[in-house]
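Okay, input05.txt now, which holds compact mmCIF, C-alpha atoms:
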# COMPACT_ATOMS: atom_id res chain seq x y z
CA MET A 26 119.12 123.62 106.82
CA PHE A 27 117.82 120.88 104.54
CA VAL A 28 118.46 121.41 100.84
CA LEU A 29 117.50 118.73 98.31
CA HIS A 30 120.48 117.45 96.30
CA GLU A 31 120.37 118.95 92.81
CA THR A 32 120.44 115.55 91.06
CA LEU A 33 117.35 114.42 92.97
CA ASP A 34 115.75 117.76 92.21
CA VAL A 35 116.35 117.35 88.47
CA ASP A 36 115.39 113.66 88.23
CA THR A 37 112.15 113.79 90.20
CA VAL A 38 108.84 115.56 90.73
CA HIS A 39 107.74 116.72 94.15
CA VAL A 40 104.68 114.91 95.51
CA ILE A 41 104.32 115.87 99.16
CA ASP A 42 106.29 116.64 102.34
CA TRP A 43 105.52 114.36 105.28
CA SER A 44 106.69 115.04 108.81
CA LEU A 45 110.15 113.60 108.15
CA CYS A 46 110.51 112.89 104.44
CA ARG A 47 110.08 114.75 101.22
CA VAL A 48 108.29 112.38 98.85
CA LEU A 49 109.45 112.50 95.24
CA LEU A 50 108.26 110.68 92.14
CA MET A 51 111.11 109.56 89.93
CA ASN A 52 110.39 110.99 86.49
CA ASP A 53 110.61 107.62 84.78
CA ALA A 54 107.33 106.14 83.61
CA THR A 55 108.93 102.70 83.30
CA TYR A 56 108.43 101.99 87.02
CA PRO A 57 106.18 103.30 89.80
CA TRP A 58 109.14 104.66 91.73
CA LEU A 59 109.14 106.91 94.79
CA ILE A 60 112.11 108.43 96.55
CA LEU A 61 111.90 109.48 100.21
CA VAL A 62 114.40 112.03 101.44
CA PRO A 63 114.54 112.73 105.19
CA MET A 64 114.50 116.52 105.53
CA ARG A 65 117.49 116.64 107.85
CA GLU A 66 120.85 118.16 107.03
CA GLY A 67 123.97 116.06 106.57
CA LEU A 68 122.54 112.51 106.45
CA ARG A 69 124.42 110.03 104.29
CA ASP A 70 123.86 106.51 105.55
CA PHE A 71 120.78 104.86 106.97
CA HIS A 72 122.52 104.52 110.35
CA ASP A 73 123.00 108.32 110.41
CA VAL A 74 119.27 108.82 111.00
CA ALA A 75 118.66 109.96 114.59
CA SER A 76 117.02 107.38 116.86
CA ALA A 77 114.12 109.75 117.41
CA ASP A 78 113.49 109.91 113.64
CA LYS A 79 113.83 106.19 112.93
CA PRO A 80 110.23 105.16 113.72
CA THR A 81 108.91 107.96 111.51
CA LEU A 82 111.21 106.99 108.67
CA ILE A 83 109.98 103.40 108.82
CA GLU A 84 106.37 104.51 109.08
CA GLU A 85 106.80 106.74 106.02
CA ILE A 86 108.57 104.01 104.01
CA ASP A 87 105.62 101.74 104.83
CA ARG A 88 103.13 104.43 103.83
CA ALA A 89 104.84 104.84 100.45
CA SER A 90 105.10 101.10 99.97
CA ASN A 91 101.47 100.46 100.86
CA ALA A 92 100.31 103.20 98.50
CA LEU A 93 102.23 101.67 95.57
CA GLN A 94 100.84 98.28 96.54
CA ARG A 95 97.25 99.56 96.46
CA LEU A 96 97.68 101.60 93.27
CA HIS A 97 99.61 99.10 91.18
CA ASP A 98 99.26 95.65 92.80
CA PRO A 99 102.93 94.85 91.97
CA ASP A 100 104.62 91.50 92.34
CA LYS A 101 107.24 92.96 94.69
CA ILE A 102 108.24 96.18 96.34
CA ASN A 103 111.96 97.01 96.30
CA ILE A 104 113.29 99.22 99.08
CA ALA A 105 116.85 100.53 99.00
CA ALA A 106 119.14 103.18 100.39
CA LEU A 107 122.17 103.11 98.12
CA GLY A 108 123.50 106.63 97.58
CA ASN A 109 126.64 105.74 95.67
CA MET A 110 125.91 108.43 93.11
CA VAL A 111 123.93 110.93 95.19
CA PRO A 112 125.40 111.05 98.70
CA GLN A 113 122.33 112.65 100.35
CA LEU A 114 120.39 109.89 102.13
CA HIS A 115 117.39 108.87 100.06
CA VAL A 116 115.28 105.74 100.10
CA HIS A 117 113.96 104.17 96.91
CA VAL A 118 110.52 102.54 97.08
CA ILE A 119 109.79 100.84 93.78
CA ALA A 120 106.91 98.71 92.54
CA ARG A 121 108.26 95.80 90.54
CA PHE A 122 106.55 93.44 88.12
CA THR A 123 107.69 90.13 86.70
CA THR A 124 106.94 91.74 83.32
CA ASP A 125 109.04 94.89 83.82
CA PRO A 126 112.17 95.36 81.68
CA ALA A 127 114.71 94.83 84.46
CA TRP A 128 113.02 91.92 86.25
CA PRO A 129 114.36 90.09 88.25
CA GLY A 130 117.43 92.34 88.40
CA PRO A 131 117.58 95.70 90.13
CA ILE A 132 116.40 98.69 88.10
CA TRP A 133 119.28 101.10 88.63
CA GLY A 134 121.27 101.64 85.46
CA GLU A 135 118.95 99.37 83.46
CA GLY A 136 117.49 100.80 80.25
CA SER A 137 116.91 104.45 79.52
CA VAL A 138 114.69 106.82 81.45
CA VAL A 139 111.23 107.41 79.96
CA PRO A 140 109.98 110.75 81.32
CA TYR A 141 106.25 111.00 81.98
CA LYS A 142 104.19 113.02 79.51
CA SER A 143 102.84 116.11 81.28
CA VAL A 144 99.21 114.99 81.59
CA GLN A 145 100.28 111.54 82.71
CA LEU A 146 102.60 113.14 85.27
CA SER A 147 99.98 115.30 86.95
CA GLY A 148 97.55 112.36 86.97
CA THR A 149 100.17 110.15 88.59
CA VAL A 150 100.99 112.71 91.27
CA ASP A 151 97.27 113.20 92.01
CA ALA A 152 96.71 109.45 92.26
CA LEU A 153 99.62 109.17 94.69
CA LYS A 154 98.30 111.97 96.87
CA MET A 155 94.91 110.22 96.97
CA ALA A 156 96.54 106.90 97.83
CA PHE A 157 98.49 108.51 100.66
CA THR A 158 95.37 109.76 102.43
CA MET B 1016 107.90 78.00 111.70
CA PHE B 1017 110.77 79.98 110.21
CA VAL B 1018 112.82 78.11 107.61
CA LEU B 1019 115.63 79.84 105.75
CA HIS B 1020 115.10 79.91 101.98
CA GLU B 1021 117.37 77.34 100.36
CA THR B 1022 119.04 79.87 98.02
CA LEU B 1023 120.06 82.03 100.97
CA ASP B 1024 121.23 78.90 102.75
CA VAL B 1025 123.45 77.90 99.83
CA ASP B 1026 124.85 81.38 99.07
CA THR B 1027 125.75 82.41 102.61
CA VAL B 1028 127.45 81.43 105.84
CA HIS B 1029 125.70 81.70 109.19
CA VAL B 1030 127.20 84.29 111.54
CA ILE B 1031 124.78 84.72 114.43
CA ASP B 1032 121.08 84.82 115.34
CA TRP B 1033 119.92 88.06 116.95
CA SER B 1034 116.55 88.48 118.61
CA LEU B 1035 114.76 89.06 115.30
CA CYS B 1036 117.18 88.40 112.45
CA ARG B 1037 119.44 85.62 111.34
CA VAL B 1038 122.70 87.27 110.27
CA LEU B 1039 124.35 85.74 107.24
CA LEU B 1040 127.61 86.53 105.46
CA MET B 1041 127.29 86.39 101.68
CA ASN B 1042 129.96 83.97 100.50
CA ASP B 1043 131.49 86.48 98.10
CA ALA B 1044 134.84 87.93 99.13
CA THR B 1045 134.44 90.78 96.63
CA TYR B 1046 132.30 92.78 99.08
CA PRO B 1047 131.78 92.85 102.86
CA TRP B 1048 128.15 91.82 102.52
CA LEU B 1049 125.71 90.81 105.23
CA ILE B 1050 122.16 89.57 104.82
CA LEU B 1051 119.64 89.90 107.64
CA VAL B 1052 116.64 87.59 107.58
CA PRO B 1053 113.84 88.22 110.08
CA MET B 1054 113.09 84.83 111.64
CA ARG B 1055 109.36 85.08 111.08
CA GLU B 1056 107.32 82.89 108.78
CA GLY B 1057 105.78 84.23 105.58
CA LEU B 1058 107.36 87.69 105.27
CA ARG B 1059 107.89 88.97 101.74
CA ASP B 1060 107.95 92.75 101.73
CA PHE B 1061 109.38 95.24 104.20
CA HIS B 1062 105.86 96.43 105.01
CA ASP B 1063 104.91 92.88 106.02
CA VAL B 1064 107.06 93.16 109.16
CA ALA B 1065 104.84 93.44 112.25
CA SER B 1066 104.82 96.85 113.93
CA ALA B 1067 106.13 95.25 117.09
CA ASP B 1068 109.15 93.90 115.20
CA LYS B 1069 109.97 97.05 113.24
CA PRO B 1070 112.12 98.81 115.87
CA THR B 1071 114.16 95.64 116.36
CA LEU B 1072 114.64 95.24 112.62
CA ILE B 1073 115.93 98.81 112.34
CA GLU B 1074 118.16 98.39 115.38
CA GLU B 1075 119.62 95.19 113.90
CA ILE B 1076 120.18 96.78 110.46
CA ASP B 1077 122.04 99.60 112.24
CA ARG B 1078 124.07 97.12 114.27
CA ALA B 1079 125.15 95.32 111.07
CA SER B 1080 125.85 98.59 109.30
CA ASN B 1081 127.90 100.00 112.15
CA ALA B 1082 129.95 96.82 112.41
CA LEU B 1083 130.83 96.93 108.70
CA GLN B 1084 131.67 100.61 109.09
CA ARG B 1085 134.05 99.92 111.96
CA LEU B 1086 135.66 96.86 110.37
CA HIS B 1087 136.10 98.19 106.84
CA ASP B 1088 135.75 101.99 106.90
CA PRO B 1089 133.85 101.91 103.58
CA ASP B 1090 132.88 104.91 101.47
CA LYS B 1091 129.18 104.00 101.66
CA ILE B 1092 126.85 101.43 103.12
CA ASN B 1093 124.13 100.12 100.81
CA ILE B 1094 120.94 98.82 102.42
CA ALA B 1095 118.30 97.07 100.36
CA ALA B 1096 115.32 94.77 100.56
CA LEU B 1097 114.76 93.59 96.99
CA GLY B 1098 113.68 89.97 96.96
CA ASN B 1099 112.92 89.65 93.28
CA MET B 1100 114.82 86.39 93.08
CA VAL B 1101 114.38 85.07 96.63
CA PRO B 1102 110.90 85.96 97.88
CA GLN B 1103 111.70 85.49 101.58
CA LEU B 1104 112.24 88.95 103.12
CA HIS B 1105 115.96 89.60 103.54
CA VAL B 1106 117.87 92.83 103.94
CA HIS B 1107 121.24 93.38 102.28
CA VAL B 1108 123.80 95.45 104.21
CA ILE B 1109 126.85 96.00 102.04
CA ALA B 1110 130.06 97.96 102.51
CA ARG B 1111 130.92 99.78 99.30
CA PHE B 1112 134.14 101.36 98.13
CA THR B 1113 134.82 103.76 95.30
CA THR B 1114 137.45 101.22 94.23
CA ASP B 1115 135.15 98.18 94.18
CA PRO B 1116 134.36 96.54 90.84
CA ALA B 1117 130.70 97.62 90.64
CA TRP B 1118 131.08 101.19 91.95
CA PRO B 1119 129.03 103.37 91.63
CA GLY B 1120 126.43 100.90 90.39
CA PRO B 1121 124.62 98.37 92.55
CA ILE B 1122 126.40 95.07 93.12
CA TRP B 1123 123.65 92.59 92.30
CA GLY B 1124 124.36 90.70 89.10
CA GLU B 1125 127.72 92.43 88.63
CA GLY B 1126 130.76 90.22 88.12
CA SER B 1127 131.14 86.68 89.32
CA VAL B 1128 131.01 85.48 92.89
CA VAL B 1129 134.42 84.91 94.53
CA PRO B 1130 133.85 82.47 97.41
CA TYR B 1131 135.99 82.99 100.51
CA LYS B 1132 138.84 80.55 101.07
CA SER B 1133 138.12 78.51 104.19
CA VAL B 1134 140.67 80.17 106.52
CA GLN B 1135 139.63 83.61 105.32
CA LEU B 1136 135.99 82.68 105.87
CA SER B 1137 136.38 81.64 109.50
CA GLY B 1138 138.51 84.73 110.17
CA THR B 1139 135.85 86.96 108.63
CA VAL B 1140 133.05 85.38 110.65
CA ASP B 1141 135.10 85.73 113.85
CA ALA B 1142 135.87 89.38 113.10
CA LEU B 1143 132.17 90.06 112.53
CA LYS B 1144 131.20 88.38 115.81
CA MET B 1145 133.78 90.54 117.61
CA ALA B 1146 132.53 93.69 115.89
CA PHE B 1147 128.93 92.87 116.89
CA THR B 1148 129.76 92.76 120.60
Using structure tokens, write down the structure from this file.
Amino acid sequence: MFVLHETLDVDTVHVIDWSLCRVLLMNDATYPWLILVPMREGLRDFHDVASADKPTLIEEIDRASNALQRLHDPDKINIAALGNMVPQLHVHVIARFTTDPAWPGPIWGEGSVVPYKSVQLSGTVDALKMAFT
Amino acid sequence: MFVLHETLDVDTVHVIDWSLCRVLLMNDATYPWLILVPMREGLRDFHDVASADKPTLIEEIDRASNALQRLHDPDKINIAALGNMVPQLHVHVIARFTTDPAWPGPIWGEGSVVPYKSVQLSGTVDALKMAFT
């Protein structure tokens, strides 16, 4: 049975469940930052994903990436499956700007988290859901 | 026509060309670190990869990841397409250890690069070629 890792649960807001992945918004207003978690038990590394699920995973990464592209027109999209801190397989999809505080470095561990204000959060989730359709 | 970005050319050693990707070894002995570059002109983001090439890209990322797993038995494999510094699409596949100098953070920008010594470099490339077969 798939259970979301508690750290991901605490750090993010649920947006939508697709056929393979749970789509989460990182609760950090510094970056438009989605996290996709394949809803399969026991996955750690990218190569653990079953062959039958691979095309869907890629399709869903693309869907997330294209939505951020349309909503934010970023300079770059960063995609990463790291998992050094949270071992449950999860894929970061992040819109990056040459003006963002971590540019051109990676964002993990850079600066402090700025949680969304509640109105801003619901607006952001709604905008994402619209962009996904 | 595909031309490898000059930064990637300088920072890495060529290992092999697969059907889609050029496989490069990052010339940093600190981490077992491969870079896969799809040999297609004009790709920047992961979502730029043609649908027809996507399954091959995933298969080649898995092949690289599995080879590092077999050769080094790491604690985690990190996969990432960032490209903030080098805009040509390239995918990092990195074997990570809880004992490595950047753990559990990401490796980019951490510490200084330790180039392989020449004998060590040819041995590493040979071992990778063996592991890929």
Item to complete: For atom CA of Trp1033 of chain B and atom CA of His115 of chain A, quote the distance in Å rounded to one decimal.
Response: 26.9 Å
Worksheet entry | Long-range neighbours of segment 93-108 of chain A as a ChimeraX atom specification, 10 Å cut-off, all atoms listed in the file, 2 positions minimum in chain | /A:57-61,69-71,86-91,110-124,131-132,152-153,155-157 /B:1059-1062,1091-1099,1102,1106-1109,1111,1119-1121
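In this model, the gap between atom CA of Thr1045 of chain B and atom CA of Thr1148 of chain B comes to 24.5 Å.
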Practice prompt. Please return, as number ranges by chain, all polymer residues that have at least one atom within 12 Å of the point (129.0, 90.6, 89.1); use all atoms listed in the file and the file's own coordinate frame.
Written response: A: 130; B: 1043-1046, 1115-1118, 1120-1129
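The nearest approach to chain A among the residues B:Ile1073, B:Val1052, B:Met1016, B:Ala1082, with all atoms listed in the file taken into account, belongs to B:Ile1073.
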